[in-house]
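**Student:** Sharing a structure with you now.
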Amino acid sequence: MKIVGIVGGVASGKSSAAKIFKEHGATVLSADEIGHQILREPEILKAAEERWGSDVIDPNGEIDRQRLATIVFSEKSSREELQFLEQLTHPRIKSHCLAEINRLRSEGTHIVILDAALLMETGWDSMCQKIVFIDTSAEVREKYAAERDWTKQELFRRESRQLSLEKKRAAADFRICNNGSLESMRQEISRVWDSLQETEMAD
């Protein structure tokens, strides 16, 4: 089984690329979705409330992810707040990812796309045999960020807390440009998919 990690800048279209890989037949493992599940665990809820107060818990008794993001990514927030959240959730996310990878391997899955925003920052790229870099201009990422109701400042504040685009690009085995149409990205992903299948069969 081949595990392929997706990297890129914040709001570069990584999840959209993962969905297209899924259309080709890949199994997508989303660390973001796993993270959402982790935030519902009682131990995490308790720790979050103790750290940031009851305002971080919504009326349904779950963590308000938008409120939490405002806290940890705030310009006034210290790096310690984000580090606390990462230390709280990342080990659990990795554990879930590894368990799912083992399950998929036992089922004979051929190609898994690991979609994790902090793939290289967490060292989870060590689980991958190949890395795909989604190369998206700042202008396009600003457009995607605006669709999430983020300001340009919010986008680059988040990005400043990640590895540089140069390091991510240099670590990649494949580069997919996402500055044009969706169809253009589909064509590039099709070429990468063909290459991944060839190497999977060779292995």
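So you can find residues: chains in the structure tokens are A, B, ... in the order shown, residues in each start at 1, and ligands are numbered from 1 in order.
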Can you tell me which residues surround range 28-42 of chain A at a distance of at most 8 Å, considering only C-alpha atoms, apart from same-chain residues fewer than 5 positions away, and format the answer as a list in words?

**Tutor:** Ala18, Lys19, Phe21, Lys22, Glu62, Ile63, Thr89, Arg92, Ile93, His96, Cys97, Val112, Ile113, Leu114, Asp115, Ala116 and Ala117 of chain A

**Student:** Taking only range 3-89 of chain A into account, list the residues labelled alpha helix (DSSP H) by DSSP (computed from the backbone), as a PyMOL selection string.

**Tutor:** chain A and resi 14-24+31-38+42-52+65-72+79-89

**Student:** Taking only residues of range 79-132 of chain A that have an atom at most 12 Å from an atom of range 5-14 of chain A, what is each one's shortest atom pair and its distance in Å to one decimal, using only C-alpha atoms, in chain and number order, as a Markdown table?

**Tutor:**
| residue | atom | partner | partner_atom | distance |
| --- | --- | --- | --- | --- |
| A:Ile111 | CA | A:Gly5 | CA | 10.6 |
| A:Val112 | CA | A:Gly5 | CA | 8.4 |
| A:Ile113 | CA | A:Gly5 | CA | 5.9 |
| A:Leu114 | CA | A:Gly5 | CA | 4.7 |
| A:Asp115 | CA | A:Ile6 | CA | 5.5 |
| A:Ala116 | CA | A:Ile6 | CA | 7.0 |
| A:Ala117 | CA | A:Val7 | CA | 7.0 |
| A:Leu118 | CA | A:Val7 | CA | 8.0 |
| A:Leu119 | CA | A:Val7 | CA | 6.8 |
| A:Met120 | CA | A:Val7 | CA | 7.8 |
| A:Glu121 | CA | A:Val7 | CA | 10.4 |
| A:Gly123 | CA | A:Gly5 | CA | 11.3 |
| A:Trp124 | CA | A:Gly5 | CA | 8.6 |
| A:Asp125 | CA | A:Gly5 | CA | 6.5 |
| A:Ser126 | CA | A:Gly5 | CA | 9.5 |
| A:Met127 | CA | A:Gly5 | CA | 8.4 |
| A:Cys128 | CA | A:Gly5 | CA | 5.9 |
| A:Gln129 | CA | A:Gly5 | CA | 8.0 |
| A:Lys130 | CA | A:Gly5 | CA | 6.4 |
| A:Ile131 | CA | A:Gly5 | CA | 4.8 |
| A:Val132 | CA | A:Ile6 | CA | 4.9 |

**Student:** Would you export the selected residues with N, CA, C and O atoms as a short mmCIF file (atom, residue, chain, number, x, y, z; two decimals), in the first residue's frame, please?

**Tutor:**
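The result, stored in again.cif:
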data_model
loop_
_atom_site.label_atom_id
_atom_site.label_comp_id
_atom_site.auth_asym_id
_atom_site.auth_seq_id
_atom_site.Cartn_x
_atom_site.Cartn_y
_atom_site.Cartn_z
N ILE A 111 -3.81 2.71 -2.65
CA ILE A 111 -3.28 4.07 -2.51
C ILE A 111 -4.13 4.86 -1.52
O ILE A 111 -5.35 4.95 -1.67
N VAL A 112 -3.46 5.43 -0.51
CA VAL A 112 -4.14 6.27 0.49
C VAL A 112 -3.59 7.69 0.39
O VAL A 112 -2.38 7.90 0.36
N ILE A 113 -4.50 8.65 0.28
CA ILE A 113 -4.11 10.06 0.30
C ILE A 113 -4.26 10.57 1.72
O ILE A 113 -5.36 10.55 2.29
N LEU A 114 -3.16 11.02 2.32
CA LEU A 114 -3.19 11.57 3.67
C LEU A 114 -3.27 13.08 3.58
O LEU A 114 -2.31 13.75 3.18
N ASP A 115 -4.43 13.62 3.89
CA ASP A 115 -4.70 15.05 3.83
C ASP A 115 -4.59 15.62 5.23
O ASP A 115 -5.50 15.49 6.05
N ALA A 116 -3.44 16.23 5.52
CA ALA A 116 -3.18 16.78 6.86
C ALA A 116 -2.53 18.14 6.71
O ALA A 116 -1.47 18.27 6.09
N ALA A 117 -3.15 19.16 7.25
CA ALA A 117 -2.66 20.53 7.09
C ALA A 117 -1.22 20.70 7.58
O ALA A 117 -0.45 21.45 7.01
N LEU A 118 -0.87 19.98 8.64
CA LEU A 118 0.47 20.10 9.24
C LEU A 118 1.28 18.82 9.03
O LEU A 118 1.98 18.37 9.93
N LEU A 119 1.17 18.25 7.86
CA LEU A 119 1.81 16.97 7.58
C LEU A 119 3.31 16.97 7.91
O LEU A 119 3.81 16.09 8.61
N MET A 120 4.02 17.98 7.42
CA MET A 120 5.47 18.03 7.64
C MET A 120 5.82 18.60 9.00
O MET A 120 6.79 18.17 9.63
N GLU A 121 5.03 19.54 9.48
CA GLU A 121 5.31 20.14 10.79
C GLU A 121 5.22 19.12 11.91
O GLU A 121 5.97 19.19 12.90
N GLY A 123 5.71 15.86 11.44
CA GLY A 123 6.54 14.70 11.14
C GLY A 123 5.75 13.54 10.58
O GLY A 123 6.29 12.44 10.38
N TRP A 124 4.47 13.77 10.27
CA TRP A 124 3.64 12.69 9.74
C TRP A 124 4.01 12.33 8.31
O TRP A 124 3.58 11.30 7.79
N ASP A 125 4.83 13.17 7.68
CA ASP A 125 5.29 12.84 6.33
C ASP A 125 6.15 11.58 6.34
O ASP A 125 6.35 10.94 5.30
N SER A 126 6.64 11.20 7.53
CA SER A 126 7.43 9.96 7.63
C SER A 126 6.57 8.73 7.37
O SER A 126 7.10 7.65 7.09
N MET A 127 5.25 8.88 7.44
CA MET A 127 4.35 7.77 7.15
C MET A 127 4.11 7.62 5.65
O MET A 127 3.51 6.64 5.21
N CYS A 128 4.56 8.62 4.88
CA CYS A 128 4.24 8.66 3.45
C CYS A 128 5.41 8.18 2.57
O CYS A 128 6.57 8.43 2.88
N GLN A 129 5.05 7.52 1.49
CA GLN A 129 6.06 7.12 0.50
C GLN A 129 6.25 8.20 -0.56
O GLN A 129 7.32 8.31 -1.17
N LYS A 130 5.21 8.99 -0.79
CA LYS A 130 5.28 10.08 -1.77
C LYS A 130 4.60 11.32 -1.20
O LYS A 130 3.69 11.22 -0.40
N ILE A 131 5.07 12.50 -1.66
CA ILE A 131 4.50 13.77 -1.24
C ILE A 131 4.08 14.56 -2.48
O ILE A 131 4.84 14.66 -3.45
N VAL A 132 2.86 15.10 -2.43
CA VAL A 132 2.34 15.95 -3.50
C VAL A 132 2.21 17.38 -2.98
O VAL A 132 1.60 17.59 -1.92
#

**Student:** Could you pull the residues within 9 Å of range 178-193 of chain A, counting only C-alpha atoms, minus those fewer than 2 positions along the same chain, as a list in words?

**Tutor:**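 That gives Ser12, Gly13, Ala17, Ile20, Phe21, His24, Ala26, Val132, Ile134, Asp135, Thr136, Ser137, Glu139, Val140, Phe174, Arg175, Ile176, Ser195, Leu196, Gln197 and Glu198 of chain A.
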
**Student:** Ranking A:Phe133, A:Glu50, A:Glu154, A:Arg103 by minimum distance to Val72 in chain A and counting only C-alpha atoms, which one comes first?

**Tutor:** A:Glu154

**Student:** Taking the chain letters and numbering used in this document, name the residues of chain A that DSSP puts in strand (DSSP E), as a ChimeraX atom specification.

**Tutor:** /A:2-8,27-30,111-115,130-135,174-177

**Student:** Pick the closest to Glu43 in chain A from A:Gly61, A:Glu81, A:Ser15, A:Leu88: which is it, counting only C-alpha atoms?

**Tutor:**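 Looking at the shortest contact to Glu43 in chain A, the residue is A:Leu88.
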
**Student:** For Leu155 in chain A, which of A:Arg65, A:Leu104, A:Ser16, A:Ser74 is the closest residue, counting only C-alpha atoms?

**Tutor:**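 Closest candidate: A:Ser74.
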
**Student:** Which neighbours of His90 in chain A fall inside 9 Å, counting only C-alpha atoms, when residues of the same chain fewer than 4 positions from it are skipped, and could you give them as a PyMOL selection string?

**Tutor:** chain A and resi 35+85-86+94-95+122
